[in-house]
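Q: Following this line is final02.txt, made up of compact mmCIF, C-alpha atoms and all ligand atoms:
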```txt
# COMPACT_ATOMS: atom_id res chain seq x y z
CA MET A 1 78.28 123.32 96.54
CA LYS A 2 78.40 119.79 95.19
CA ALA A 3 76.17 117.05 96.60
CA LYS A 4 77.80 114.58 98.96
CA GLY A 5 79.64 111.90 97.05
CA GLN A 6 79.93 114.08 93.92
CA GLU A 7 83.20 115.69 94.87
CA MET A 8 86.37 115.16 92.91
CA VAL A 9 89.06 113.35 94.83
CA LEU A 10 92.75 113.11 94.04
CA LEU A 11 94.39 109.98 95.42
CA ILE A 12 98.11 110.26 96.04
CA GLY A 13 99.70 106.86 96.64
CA ALA A 14 96.94 104.99 94.78
CA THR A 15 99.48 102.66 93.16
CA GLY A 16 100.40 101.27 96.58
CA PHE A 17 98.97 98.35 98.56
CA LEU A 18 96.01 100.25 100.04
CA GLY A 19 95.21 102.32 96.94
CA PRO A 20 93.01 99.96 94.84
CA HIS A 21 90.77 99.29 97.87
CA VAL A 22 90.22 103.01 98.35
CA VAL A 23 89.57 103.49 94.65
CA GLU A 24 86.89 100.78 94.76
CA LYS A 25 85.13 102.28 97.80
CA LEU A 26 85.11 105.80 96.37
CA LEU A 27 83.84 104.70 92.96
CA GLN A 28 81.09 102.61 94.55
CA ASN A 29 80.03 105.79 96.33
CA ASN A 30 80.03 107.87 93.14
CA TYR A 31 83.07 110.00 93.81
CA SER A 32 84.95 111.18 90.79
CA VAL A 33 88.44 109.76 91.26
CA THR A 34 91.77 110.85 89.86
CA CYS A 35 94.87 108.82 90.75
CA LEU A 36 98.29 110.40 90.68
CA VAL A 37 100.73 108.05 88.99
CA ARG A 38 104.42 108.54 88.52
CA LYS A 39 106.37 107.94 85.31
CA SER A 40 108.22 105.29 87.32
CA SER A 41 105.08 103.68 88.81
CA ASP A 42 104.85 99.95 88.21
CA ALA A 43 102.65 99.32 85.14
CA SER A 44 100.99 96.34 86.84
CA ARG A 45 99.91 98.58 89.74
CA ILE A 46 98.35 101.01 87.26
CA SER A 47 96.54 98.15 85.49
CA LYS A 48 95.23 97.02 88.87
CA LEU A 49 93.64 100.44 89.38
CA GLU A 50 92.04 100.32 85.92
CA GLU A 51 90.74 96.79 86.52
CA THR A 52 89.28 97.88 89.88
CA ALA A 53 87.39 100.69 88.14
CA LYS A 54 86.18 98.35 85.41
CA LYS A 55 84.87 95.88 88.00
CA ALA A 56 82.97 98.71 89.70
CA GLY A 57 81.54 99.68 86.28
CA LYS A 58 83.16 103.12 86.58
CA LYS A 59 86.03 105.13 85.16
CA ILE A 60 89.01 106.70 86.86
CA SER A 61 91.36 109.36 85.61
CA LEU A 62 95.07 108.79 85.76
CA ALA A 63 97.24 111.89 86.05
CA THR A 64 101.00 111.83 85.79
CA GLY A 65 102.86 113.68 88.50
CA ASP A 66 105.40 113.31 91.25
CA LEU A 67 105.52 114.86 94.71
CA GLU A 68 109.17 115.66 94.06
CA ASP A 69 108.04 118.06 91.34
CA THR A 70 105.46 120.50 92.73
CA ASP A 71 104.89 121.98 89.25
CA SER A 72 103.31 118.65 88.33
CA THR A 73 100.97 118.46 91.34
CA ILE A 74 99.68 122.05 91.68
CA PRO A 75 97.46 121.88 88.51
CA LEU A 76 96.05 118.52 89.67
CA LEU A 77 95.23 119.84 93.13
CA GLU A 78 93.55 122.92 91.64
CA LYS A 79 90.95 120.68 89.99
CA VAL A 80 89.85 118.65 93.00
CA ASP A 81 87.81 119.16 96.18
CA ILE A 82 89.60 116.64 98.39
CA ALA A 83 92.99 114.94 98.36
CA VAL A 84 93.72 111.61 100.05
CA TYR A 85 97.40 111.35 100.87
CA MET A 86 98.58 107.72 101.19
CA VAL A 87 102.34 108.21 100.85
CA ASP A 88 104.46 107.20 103.84
CA LEU A 89 104.64 110.14 106.28
CA GLU A 90 108.17 109.06 107.14
CA LEU A 91 109.06 110.89 103.91
CA THR A 92 108.61 114.33 105.46
CA GLU A 93 110.12 116.19 102.50
CA LEU A 94 107.49 114.77 100.15
CA LEU A 95 104.78 115.84 102.57
CA GLU A 96 106.28 119.34 102.70
CA ASN A 97 106.13 119.46 98.90
CA PHE A 98 102.52 118.33 98.99
CA LEU A 99 101.54 120.97 101.58
CA TYR A 100 103.26 123.65 99.53
CA ALA A 101 101.45 122.55 96.36
CA ALA A 102 98.12 122.32 98.24
CA ARG A 103 98.53 125.88 99.50
CA ARG A 104 99.40 127.17 96.03
CA ALA A 105 96.43 125.30 94.55
CA GLY A 106 94.01 126.61 97.17
CA LEU A 107 93.07 123.08 98.30
CA LYS A 108 90.82 123.10 101.36
CA ARG A 109 90.44 119.49 102.48
CA ALA A 110 92.78 116.51 102.75
CA VAL A 111 92.83 113.14 104.48
CA PHE A 112 96.20 111.72 105.50
CA ILE A 113 97.21 108.16 106.36
CA SER A 114 99.70 108.01 109.19
CA SER A 115 100.33 104.93 111.33
CA THR A 116 100.05 103.65 114.91
CA THR A 117 103.87 103.40 114.72
CA VAL A 118 103.80 106.88 116.26
CA LEU A 119 102.31 105.34 119.43
CA VAL A 120 104.90 102.57 119.90
CA PRO A 121 106.82 103.31 123.12
CA LEU A 122 110.26 102.95 121.53
CA LYS A 123 112.51 105.55 119.98
CA SER A 124 112.91 105.32 116.22
CA THR A 125 113.63 107.63 113.31
CA VAL A 126 110.51 106.37 111.54
CA LYS A 127 108.35 107.38 114.50
CA GLU A 128 110.05 110.78 114.82
CA GLN A 129 109.63 111.56 111.12
CA LYS A 130 105.97 110.52 111.10
CA LEU A 131 105.26 112.64 114.19
CA LYS A 132 107.04 115.58 112.56
CA SER A 133 104.84 115.12 109.47
CA GLU A 134 101.69 114.99 111.60
CA GLU A 135 102.72 118.32 113.20
CA LEU A 136 103.22 119.88 109.75
CA ILE A 137 99.74 118.73 108.73
CA LYS A 138 98.20 120.15 111.92
CA ASN A 139 99.83 123.52 111.25
CA SER A 140 99.14 123.53 107.51
CA GLY A 141 95.86 125.45 107.57
CA LEU A 142 94.20 122.62 105.65
CA CYS A 143 90.99 121.08 106.92
CA TYR A 144 92.62 117.73 107.69
CA THR A 145 91.79 114.33 109.09
CA ILE A 146 94.64 112.00 110.00
CA LEU A 147 93.98 108.27 110.24
CA ARG A 148 96.51 106.08 112.00
CA PRO A 149 96.02 102.45 110.97
CA SER A 150 97.77 99.62 112.77
CA MET A 151 99.34 96.87 110.62
CA ILE A 152 97.12 96.46 107.53
CA TYR A 153 96.39 93.00 106.12
CA GLY A 154 93.79 91.26 104.00
CA SER A 155 95.00 91.25 100.43
CA ALA A 156 97.21 88.86 98.48
CA ASP A 157 99.87 91.57 98.08
CA ASP A 158 100.20 92.44 101.77
CA ASN A 159 103.65 91.98 103.19
CA ASN A 160 102.39 90.56 106.44
CA PHE A 161 99.86 87.78 106.78
CA SER A 162 99.61 86.72 103.13
CA ARG A 163 103.39 86.17 103.13
CA MET A 164 103.13 84.31 106.42
CA ILE A 165 100.34 82.06 105.13
CA GLU A 166 102.13 81.28 101.88
CA PHE A 167 105.31 80.49 103.84
CA ILE A 168 103.47 78.13 106.22
CA LYS A 169 101.66 76.40 103.35
CA LYS A 170 104.95 75.81 101.54
CA ARG A 171 107.31 74.98 104.42
CA GLY A 172 105.11 73.66 107.23
CA PHE A 173 106.82 75.78 109.89
CA PHE A 174 107.05 79.38 111.06
CA VAL A 175 109.73 81.30 112.99
CA THR A 176 108.72 83.77 115.72
CA PHE A 177 110.75 85.97 118.06
CA GLY A 178 110.12 86.11 121.80
CA LYS A 179 107.51 84.37 123.93
CA GLY A 180 104.60 85.48 121.80
CA ASN A 181 102.60 86.96 124.67
CA ASN A 182 102.72 90.48 123.21
CA LEU A 183 99.51 92.02 121.89
CA ILE A 184 98.80 92.82 118.25
CA GLN A 185 95.72 94.36 116.63
CA PRO A 186 96.04 94.26 112.84
CA VAL A 187 93.34 95.96 110.79
CA TYR A 188 91.59 94.48 107.74
CA ILE A 189 92.28 96.46 104.56
CA GLU A 190 88.60 96.97 103.68
CA ASP A 191 88.05 98.54 107.10
CA VAL A 192 90.80 101.06 106.38
CA ALA A 193 89.28 101.91 102.98
CA GLU A 194 85.84 102.23 104.61
CA ALA A 195 87.29 104.57 107.26
CA ILE A 196 88.74 106.83 104.53
CA LEU A 197 85.35 106.95 102.80
CA SER A 198 83.59 107.70 106.10
CA VAL A 199 85.76 110.68 107.02
CA LEU A 200 85.95 112.38 103.61
CA ASN A 201 82.94 114.62 104.16
CA ASN A 202 82.27 114.09 107.84
CA SER A 203 82.62 117.42 109.63
CA LYS A 204 82.93 115.65 112.99
CA THR A 205 86.31 114.39 111.83
CA TYR A 206 87.70 117.74 110.67
CA ASN A 207 91.06 118.60 112.22
CA LYS A 208 91.23 115.40 114.23
CA ILE A 209 93.46 112.32 114.46
CA TYR A 210 92.07 108.79 114.83
CA ASN A 211 93.59 105.39 115.56
CA ILE A 212 92.08 102.63 113.48
CA ALA A 213 92.81 99.00 114.34
CA GLY A 214 91.25 95.54 114.34
CA LYS A 215 88.23 94.72 116.54
CA GLU A 216 90.29 93.74 119.58
CA PRO A 217 93.90 93.15 120.56
CA ILE A 218 95.03 89.52 120.62
CA GLU A 219 98.18 87.85 121.87
CA TYR A 220 100.64 86.89 119.14
CA ASN A 221 100.30 83.23 120.20
CA ARG A 222 96.50 83.45 119.88
CA MET A 223 96.99 84.87 116.37
CA LEU A 224 99.07 81.77 115.49
CA GLU A 225 96.33 79.53 116.89
CA ILE A 226 93.68 81.32 114.80
CA VAL A 227 95.82 80.99 111.65
CA ARG A 228 96.30 77.28 112.39
CA ASN A 229 92.54 76.73 112.86
CA LYS A 230 91.51 78.73 109.81
CA LEU A 231 94.19 77.21 107.58
CA LYS A 232 93.25 73.75 108.87
CA LYS A 233 96.94 72.90 108.66
CA ARG A 234 99.36 71.83 111.36
CA PHE A 235 102.66 73.69 111.39
CA ILE A 236 105.65 73.86 113.71
CA VAL A 237 106.42 77.15 115.46
CA ILE A 238 110.13 77.77 116.01
CA ARG A 239 110.60 80.32 118.79
CA VAL A 240 113.82 82.31 118.92
CA PRO A 241 114.35 84.32 122.13
CA ILE A 242 114.60 88.09 121.54
CA ARG A 243 118.21 88.59 122.72
CA PRO A 244 119.94 86.02 120.50
CA ALA A 245 117.59 86.99 117.65
CA LYS A 246 118.67 90.64 117.95
CA PHE A 247 122.33 89.59 118.05
CA LEU A 248 122.05 87.36 114.97
CA ILE A 249 119.99 89.92 113.05
CA SER A 250 122.51 92.66 113.86
CA ILE A 251 125.26 90.55 112.24
CA TYR A 252 123.02 89.80 109.24
CA ALA A 253 122.05 93.51 108.94
CA ALA A 254 125.72 94.53 109.06
CA ILE A 255 126.79 92.21 106.23
CA SER A 256 123.66 92.40 104.07
CA LYS A 257 123.29 95.27 101.58
CA ASN A 258 119.52 95.32 101.85
CA PRO A 259 118.48 93.51 105.06
CA SER A 260 114.85 92.38 105.22
CA LEU A 261 115.00 92.39 109.04
CA THR A 262 116.74 94.77 111.45
CA PRO A 263 117.41 94.48 115.22
CA GLY A 264 114.98 97.42 115.73
CA GLN A 265 112.20 95.44 114.04
CA ILE A 266 112.85 92.47 116.34
CA GLU A 267 112.60 94.78 119.34
CA ARG A 268 109.32 96.28 118.09
CA MET A 269 107.89 92.78 117.59
CA SER A 270 107.98 92.13 121.34
CA VAL A 271 106.12 95.34 122.27
CA ASP A 272 102.35 95.39 122.90
CA LYS A 273 100.49 96.97 120.00
CA ALA A 274 96.96 97.54 121.28
CA TYR A 275 95.03 100.65 120.35
CA SER A 276 91.74 102.26 121.28
CA TYR A 277 89.55 103.29 118.33
CA GLU A 278 86.77 104.63 120.55
CA GLU A 279 86.86 108.08 118.92
CA ALA A 280 86.63 106.59 115.43
CA ALA A 281 83.66 104.47 116.54
CA ARG A 282 81.99 107.55 118.01
CA ASP A 283 82.60 109.99 115.13
CA PHE A 284 82.24 107.74 112.08
CA ASN A 285 80.89 104.41 113.32
CA PHE A 286 84.17 102.62 112.76
CA SER A 287 83.36 98.98 113.39
CA PRO A 288 86.23 96.75 112.23
CA LEU A 289 86.35 92.99 111.64
CA SER A 290 87.90 90.69 114.22
CA PHE A 291 91.14 88.92 113.26
CA GLU A 292 89.22 85.65 112.91
CA GLU A 293 86.88 87.22 110.36
CA GLY A 294 89.60 89.05 108.45
CA ILE A 295 92.05 86.16 108.23
CA GLU A 296 89.30 83.82 107.05
CA LYS A 297 88.60 86.19 104.16
CA LEU A 298 92.30 86.42 103.34
CA ILE A 299 92.79 82.63 103.39
CA LYS A 300 89.83 82.24 101.00
CA GLU A 301 91.32 84.88 98.69
CA LEU A 302 94.69 83.09 98.67
CA ASP A 303 93.17 79.66 97.88
N1 LIG A 401 100.81 98.74 104.81
C1 LIG A 401 100.63 98.83 106.11
O1 LIG A 401 100.59 97.81 106.85
C2 LIG A 401 100.42 100.19 106.74
C3 LIG A 401 100.15 100.25 108.12
C4 LIG A 401 99.91 101.49 108.70
C5 LIG A 401 99.97 102.64 107.93
N2 LIG A 401 100.26 102.56 106.61
C6 LIG A 401 100.29 103.80 105.81
O2 LIG A 401 99.25 103.75 104.84
C7 LIG A 401 99.67 104.46 103.65
C8 LIG A 401 99.54 103.54 102.46
O3 LIG A 401 100.34 102.40 102.69
P1 LIG A 401 100.70 101.36 101.55
O4 LIG A 401 101.17 100.13 102.23
O5 LIG A 401 99.59 101.32 100.55
O6 LIG A 401 101.96 102.09 100.89
P2 LIG A 401 102.84 101.59 99.64
O7 LIG A 401 102.34 100.30 99.11
O8 LIG A 401 104.27 101.66 100.09
O9 LIG A 401 102.59 102.71 98.53
C9 LIG A 401 103.20 103.96 98.62
C10 LIG A 401 102.64 104.87 97.54
O10 LIG A 401 103.32 106.13 97.63
C11 LIG A 401 103.62 106.53 96.29
N3 LIG A 401 104.76 107.46 96.24
C12 LIG A 401 106.00 107.26 96.73
N4 LIG A 401 106.79 108.32 96.42
C13 LIG A 401 106.01 109.19 95.71
C14 LIG A 401 106.25 110.44 95.09
N5 LIG A 401 107.46 111.03 95.12
N6 LIG A 401 105.23 111.03 94.44
C15 LIG A 401 104.01 110.46 94.37
N7 LIG A 401 103.72 109.26 94.93
C16 LIG A 401 104.72 108.64 95.59
C17 LIG A 401 103.95 105.21 95.59
O11 LIG A 401 103.93 105.42 94.19
P3 LIG A 401 104.74 104.47 93.15
O12 LIG A 401 103.85 103.29 92.92
O13 LIG A 401 104.91 105.33 91.97
O14 LIG A 401 106.04 104.09 93.82
C18 LIG A 401 102.82 104.34 96.11
O15 LIG A 401 101.63 104.58 95.38
C19 LIG A 401 101.09 104.94 103.93
O16 LIG A 401 101.04 106.24 104.43
C20 LIG A 401 101.59 103.99 105.03
O17 LIG A 401 102.58 104.57 105.84
C21 LIG A 401 100.47 101.35 105.98
```
As C-alpha cells - that is how I would like this structure written.
A:
Amino acid sequence: MKAKGQEMVLLIGATGFLGPHVVEKLLQNNYSVTCLVRKSSDASRISKLEETAKKAGKKISLATGDLEDTDSTIPLLEKVDIAVYMVDLELTELLENFLYAARRAGLKRAVFISSTTVLVPLKSTVKEQKLKSEELIKNSGLCYTILRPSMIYGSADDNNFSRMIEFIKKRGFFVTFGKGNNLIQPVYIEDVAEAILSVLNNSKTYNKIYNIAGKEPIEYNRMLEIVRNKLKKRFIVIRVPIRPAKFLISIYAAISKNPSLTPGQIERMSVDKAYSYEEAARDFNFSPLSFEEGIEKLIKELD
C-alpha cells in the first residue's frame, strides 16, 4: 500500500480549462501525475500543463491516448491507482468507453466531474445525458466520487466571467436577459481543484455525489454590482426581456451554422441556480470563496 499522496493518478481531460489547476494541486501534494493527451490536443494546452509542472518544480508524464480508442487507454489505466475523469459527461459514449477500459485494466478508484446542470429544473438533452452517465458510474463497480460543480470561473481562459470582464472593459456596456433577480452561485476554479484533491483518498467520499458551488448564492443583479465595484468602472447594463430575447435568439440560431447562444440557454439564464454544499463541507471541509473574493482575484489576474 502506497503512502497517501504517493499514488499515481491519470488525469483525463487535463488539456481542458480545469485541468492545469488540478495538475498544480496534485503536484504540490506529491502525487505522481500522468495526463492523457490526444494526438489532436491543442499544443498550447499541452505546453500549459508542462509550464504548470515546471512552476511547481515537478514533472508530469504525458501519455497519448483517446477515449474513442480503448486499446490506447487500457495500458495507461493499468499503471495508475486513481483516475480523474474531467471529460464532459454529456458525452455518454466516451464515458462508456472509459468504464469498459477501467474494468479491463482492473482500476479500482476514479473521481468524476459532473455538473449542477443535472439539478436545473428544466428538461434538456444535456441534463438527461449527464444523469445517464452518472447512473452508469454508480453501477460501474468502481469506487467512485462524483463532484458536481456549478459554473466554474477564475482563470483568464474561462468562458464566463473573464469574457464578461474583457467585454465590459472594451465596450463599456453589458447585455443581460430578464430582470436579473435570479440566483447564481459560481464556483472559483481553485476551489474545484482543491475539492478534487480532497476527495481522492478520502474514504468518507467513496460512492457519493457532491454539489460544489460558491460560498453563497447571489442575485444576478448583485453579481453585476460586485463586478462594477471590483472593476472600479462604470458600465451600462442593457436588459432584454426573456420573451423577445428567446424569439430573437431562435431566429439567430436557425440561420447561424454555429450559434453561440440558443433559446434554451436564455431560458436557463432566468432560472435560480442555488445549491447546497453541506455534504461536501461535512465530508471534506469544502469551504469555497465568496464571489467577491473570487472575482477580485480574477480581475487582478486579467490586469
Ligand atoms: N467549465 C465549467 O464552467 C464547468 C462547470 C461545471 C462542470 N464542468 C465539468 O468539468 C469538467 C471539466 O470541464 P472543462 O471546462 O475543463 O472542460 P473542457 O475545457 O471542455 O475540456 C474537456 C477535456 O476533455 C478532453 N476530451 C474530449 N474528448 C476526449 C476524448 N475522446 N478522449 C480524451 N479526452 C477527451 C479534451 O481534450 P482535448 O484537449 O484533446 O480536446 C479536454 O481536455 C467537465 O466534465 C465539465 O462538464 C465544467
Q: May I ask you to write as a PDB file with C-alpha atoms, in the frame of the given file all residues lying at most 6 Å from ligand LIG 401 (chain A), with only C-alpha atoms and all ligand atoms counted?
A:
```
ATOM      1  CA  ILE A  12      98.110 110.260  96.040  1.00  0.00           C
ATOM      2  CA  GLY A  13      99.700 106.860  96.640  1.00  0.00           C
ATOM      3  CA  ALA A  14      96.940 104.990  94.780  1.00  0.00           C
ATOM      4  CA  THR A  15      99.480 102.660  93.160  1.00  0.00           C
ATOM      5  CA  GLY A  16     100.400 101.270  96.580  1.00  0.00           C
ATOM      6  CA  PHE A  17      98.970  98.350  98.560  1.00  0.00           C
ATOM      7  CA  LEU A  18      96.010 100.250 100.040  1.00  0.00           C
ATOM      8  CA  GLY A  19      95.210 102.320  96.940  1.00  0.00           C
ATOM      9  CA  VAL A  37     100.730 108.050  88.990  1.00  0.00           C
ATOM     10  CA  ARG A  38     104.420 108.540  88.520  1.00  0.00           C
ATOM     11  CA  SER A  40     108.220 105.290  87.320  1.00  0.00           C
ATOM     12  CA  SER A  41     105.080 103.680  88.810  1.00  0.00           C
ATOM     13  CA  ASP A  42     104.850  99.950  88.210  1.00  0.00           C
ATOM     14  CA  ASP A  66     105.400 113.310  91.250  1.00  0.00           C
ATOM     15  CA  LEU A  67     105.520 114.860  94.710  1.00  0.00           C
ATOM     16  CA  GLU A  68     109.170 115.660  94.060  1.00  0.00           C
ATOM     17  CA  MET A  86      98.580 107.720 101.190  1.00  0.00           C
ATOM     18  CA  VAL A  87     102.340 108.210 100.850  1.00  0.00           C
ATOM     19  CA  ASP A  88     104.460 107.200 103.840  1.00  0.00           C
ATOM     20  CA  LEU A  89     104.640 110.140 106.280  1.00  0.00           C
ATOM     21  CA  ILE A 113      97.210 108.160 106.360  1.00  0.00           C
ATOM     22  CA  SER A 114      99.700 108.010 109.190  1.00  0.00           C
ATOM     23  CA  SER A 115     100.330 104.930 111.330  1.00  0.00           C
ATOM     24  CA  PRO A 149      96.020 102.450 110.970  1.00  0.00           C
ATOM     25  CA  SER A 150      97.770  99.620 112.770  1.00  0.00           C
ATOM     26  CA  MET A 151      99.340  96.870 110.620  1.00  0.00           C
ATOM     27  CA  ILE A 152      97.120  96.460 107.530  1.00  0.00           C
TER      28      ILE A 152
END
```
Q: Quick one: which stretch 82-153 of chain A residues come within 10 Å of stretch 263-275 of chain A, and what is the nearest atom pair for each with the distance in Å to one decimal, counting all atoms listed in the file, rows ordered by chain and ascending number, as JSON lines?
A:
```
{"residue": "A:Thr116", "atom": "CA", "partner": "A:Tyr275", "partner_atom": "CA", "distance": 8.0}
{"residue": "A:Thr117", "atom": "CA", "partner": "A:Lys273", "partner_atom": "CA", "distance": 9.0}
{"residue": "A:Leu119", "atom": "CA", "partner": "A:Lys273", "partner_atom": "CA", "distance": 8.6}
{"residue": "A:Val120", "atom": "CA", "partner": "A:Lys273", "partner_atom": "CA", "distance": 7.1}
{"residue": "A:Pro121", "atom": "CA", "partner": "A:Val271", "partner_atom": "CA", "distance": 8.0}
{"residue": "A:Leu122", "atom": "CA", "partner": "A:Arg268", "partner_atom": "CA", "distance": 7.6}
{"residue": "A:Lys123", "atom": "CA", "partner": "A:Gly264", "partner_atom": "CA", "distance": 9.5}
{"residue": "A:Ser124", "atom": "CA", "partner": "A:Gly264", "partner_atom": "CA", "distance": 8.2}
{"residue": "A:Pro149", "atom": "CA", "partner": "A:Tyr275", "partner_atom": "CA", "distance": 9.6}
{"residue": "A:Ser150", "atom": "CA", "partner": "A:Tyr275", "partner_atom": "CA", "distance": 8.1}
{"residue": "A:Met151", "atom": "CA", "partner": "A:Lys273", "partner_atom": "CA", "distance": 9.5}
```
Q: What's around A:Leu107 at 7 Å? Count all atoms listed in the file, leave out sequence neighbours fewer than 4 positions away in its own chain, and write the answer as a ChimeraX atom specification.
A: /A:77-78,81,102-103
Q: Have a look at atom CA of A:Pro259 and atom CA of A:Phe167 and let me know their distance in Å, one decimal.
A: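 We find that atom CA of A:Pro259 and atom CA of A:Phe167 lie 18.6 Å from each other.
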Q: Using only C-alpha atoms, determine which residues lie at most 12 Å from A:Tyr188, disregarding the query and same-chain residues fewer than 3 positions distant; provide the list as a PyMOL selection string.
A: chain A and resi 18+21+149-155+158+160-161+185+191-195+212-216+287-298
Q: Do you know which residues are at most 12 Å from A:Lys232 counting all atoms listed in the file, after dropping those on the same chain fewer than 4 positions away, and could you put them as a PDB file with C-alpha atoms, keeping the file's coordinate frame?
A:
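This is the output file result-v6.pdb:
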```pdb
ATOM      1  CA  ILE A 165     100.340  82.060 105.130  1.00  0.00           C
ATOM      2  CA  ILE A 168     103.470  78.130 106.220  1.00  0.00           C
ATOM      3  CA  LYS A 169     101.660  76.400 103.350  1.00  0.00           C
ATOM      4  CA  GLY A 172     105.110  73.660 107.230  1.00  0.00           C
ATOM      5  CA  LEU A 224      99.070  81.770 115.490  1.00  0.00           C
ATOM      6  CA  GLU A 225      96.330  79.530 116.890  1.00  0.00           C
ATOM      7  CA  ILE A 226      93.680  81.320 114.800  1.00  0.00           C
ATOM      8  CA  VAL A 227      95.820  80.990 111.650  1.00  0.00           C
ATOM      9  CA  ARG A 228      96.300  77.280 112.390  1.00  0.00           C
ATOM     10  CA  GLU A 296      89.300  83.820 107.050  1.00  0.00           C
ATOM     11  CA  ILE A 299      92.790  82.630 103.390  1.00  0.00           C
TER      12      ILE A 299
END
```
Q: Using atom CA of A:Leu94 and atom CA of A:Phe112 as the two end points, give the distance in Å to one decimal.
A: 12.9 Å
Q: What would the file be for stretch 135-171 of chain A if you keep C-alpha atoms and write it as a PDB file, in the first residue's frame?
A:
```
ATOM      1  CA  GLU A 135     -26.112   6.258 -13.375  1.00  0.00           C
ATOM      2  CA  LEU A 136     -23.515   4.328 -15.394  1.00  0.00           C
ATOM      3  CA  ILE A 137     -20.804   5.431 -12.953  1.00  0.00           C
ATOM      4  CA  LYS A 138     -22.914   4.394  -9.950  1.00  0.00           C
ATOM      5  CA  ASN A 139     -23.428   0.941 -11.450  1.00  0.00           C
ATOM      6  CA  SER A 140     -19.857   0.535 -12.693  1.00  0.00           C
ATOM      7  CA  GLY A 141     -18.440  -1.295  -9.685  1.00  0.00           C
ATOM      8  CA  LEU A 142     -15.715   1.347  -9.384  1.00  0.00           C
ATOM      9  CA  CYS A 143     -15.095   3.082  -6.084  1.00  0.00           C
ATOM     10  CA  TYR A 144     -16.291   6.454  -7.354  1.00  0.00           C
ATOM     11  CA  THR A 145     -16.809  10.010  -6.194  1.00  0.00           C
ATOM     12  CA  ILE A 146     -18.814  12.357  -8.389  1.00  0.00           C
ATOM     13  CA  LEU A 147     -18.383  16.106  -7.957  1.00  0.00           C
ATOM     14  CA  ARG A 148     -20.971  18.422  -9.445  1.00  0.00           C
ATOM     15  CA  PRO A 149     -19.533  21.932  -9.787  1.00  0.00           C
ATOM     16  CA  SER A 150     -21.726  24.903 -10.621  1.00  0.00           C
ATOM     17  CA  MET A 151     -20.417  27.372 -13.240  1.00  0.00           C
ATOM     18  CA  ILE A 152     -16.617  27.486 -12.861  1.00  0.00           C
ATOM     19  CA  TYR A 153     -14.746  30.792 -13.163  1.00  0.00           C
ATOM     20  CA  GLY A 154     -11.475  32.348 -12.084  1.00  0.00           C
ATOM     21  CA  SER A 155      -8.989  31.946 -14.884  1.00  0.00           C
ATOM     22  CA  ALA A 156      -8.204  34.063 -17.930  1.00  0.00           C
ATOM     23  CA  ASP A 157      -9.402  31.280 -20.241  1.00  0.00           C
ATOM     24  CA  ASP A 158     -12.827  30.797 -18.653  1.00  0.00           C
ATOM     25  CA  ASN A 159     -15.735  31.340 -20.983  1.00  0.00           C
ATOM     26  CA  ASN A 160     -17.793  33.130 -18.395  1.00  0.00           C
ATOM     27  CA  PHE A 161     -16.602  35.982 -16.227  1.00  0.00           C
ATOM     28  CA  SER A 162     -13.235  36.648 -17.881  1.00  0.00           C
ATOM     29  CA  ARG A 163     -15.069  37.116 -21.202  1.00  0.00           C
ATOM     30  CA  MET A 164     -17.626  39.325 -19.491  1.00  0.00           C
ATOM     31  CA  ILE A 165     -14.938  41.475 -17.864  1.00  0.00           C
ATOM     32  CA  GLU A 166     -12.958  41.868 -21.071  1.00  0.00           C
ATOM     33  CA  PHE A 167     -16.165  42.794 -22.922  1.00  0.00           C
ATOM     34  CA  ILE A 168     -17.113  45.434 -20.326  1.00  0.00           C
ATOM     35  CA  LYS A 169     -13.583  46.885 -20.292  1.00  0.00           C
ATOM     36  CA  LYS A 170     -13.607  47.210 -24.072  1.00  0.00           C
ATOM     37  CA  ARG A 171     -17.197  48.295 -24.767  1.00  0.00           C
TER      38      ARG A 171
END
```
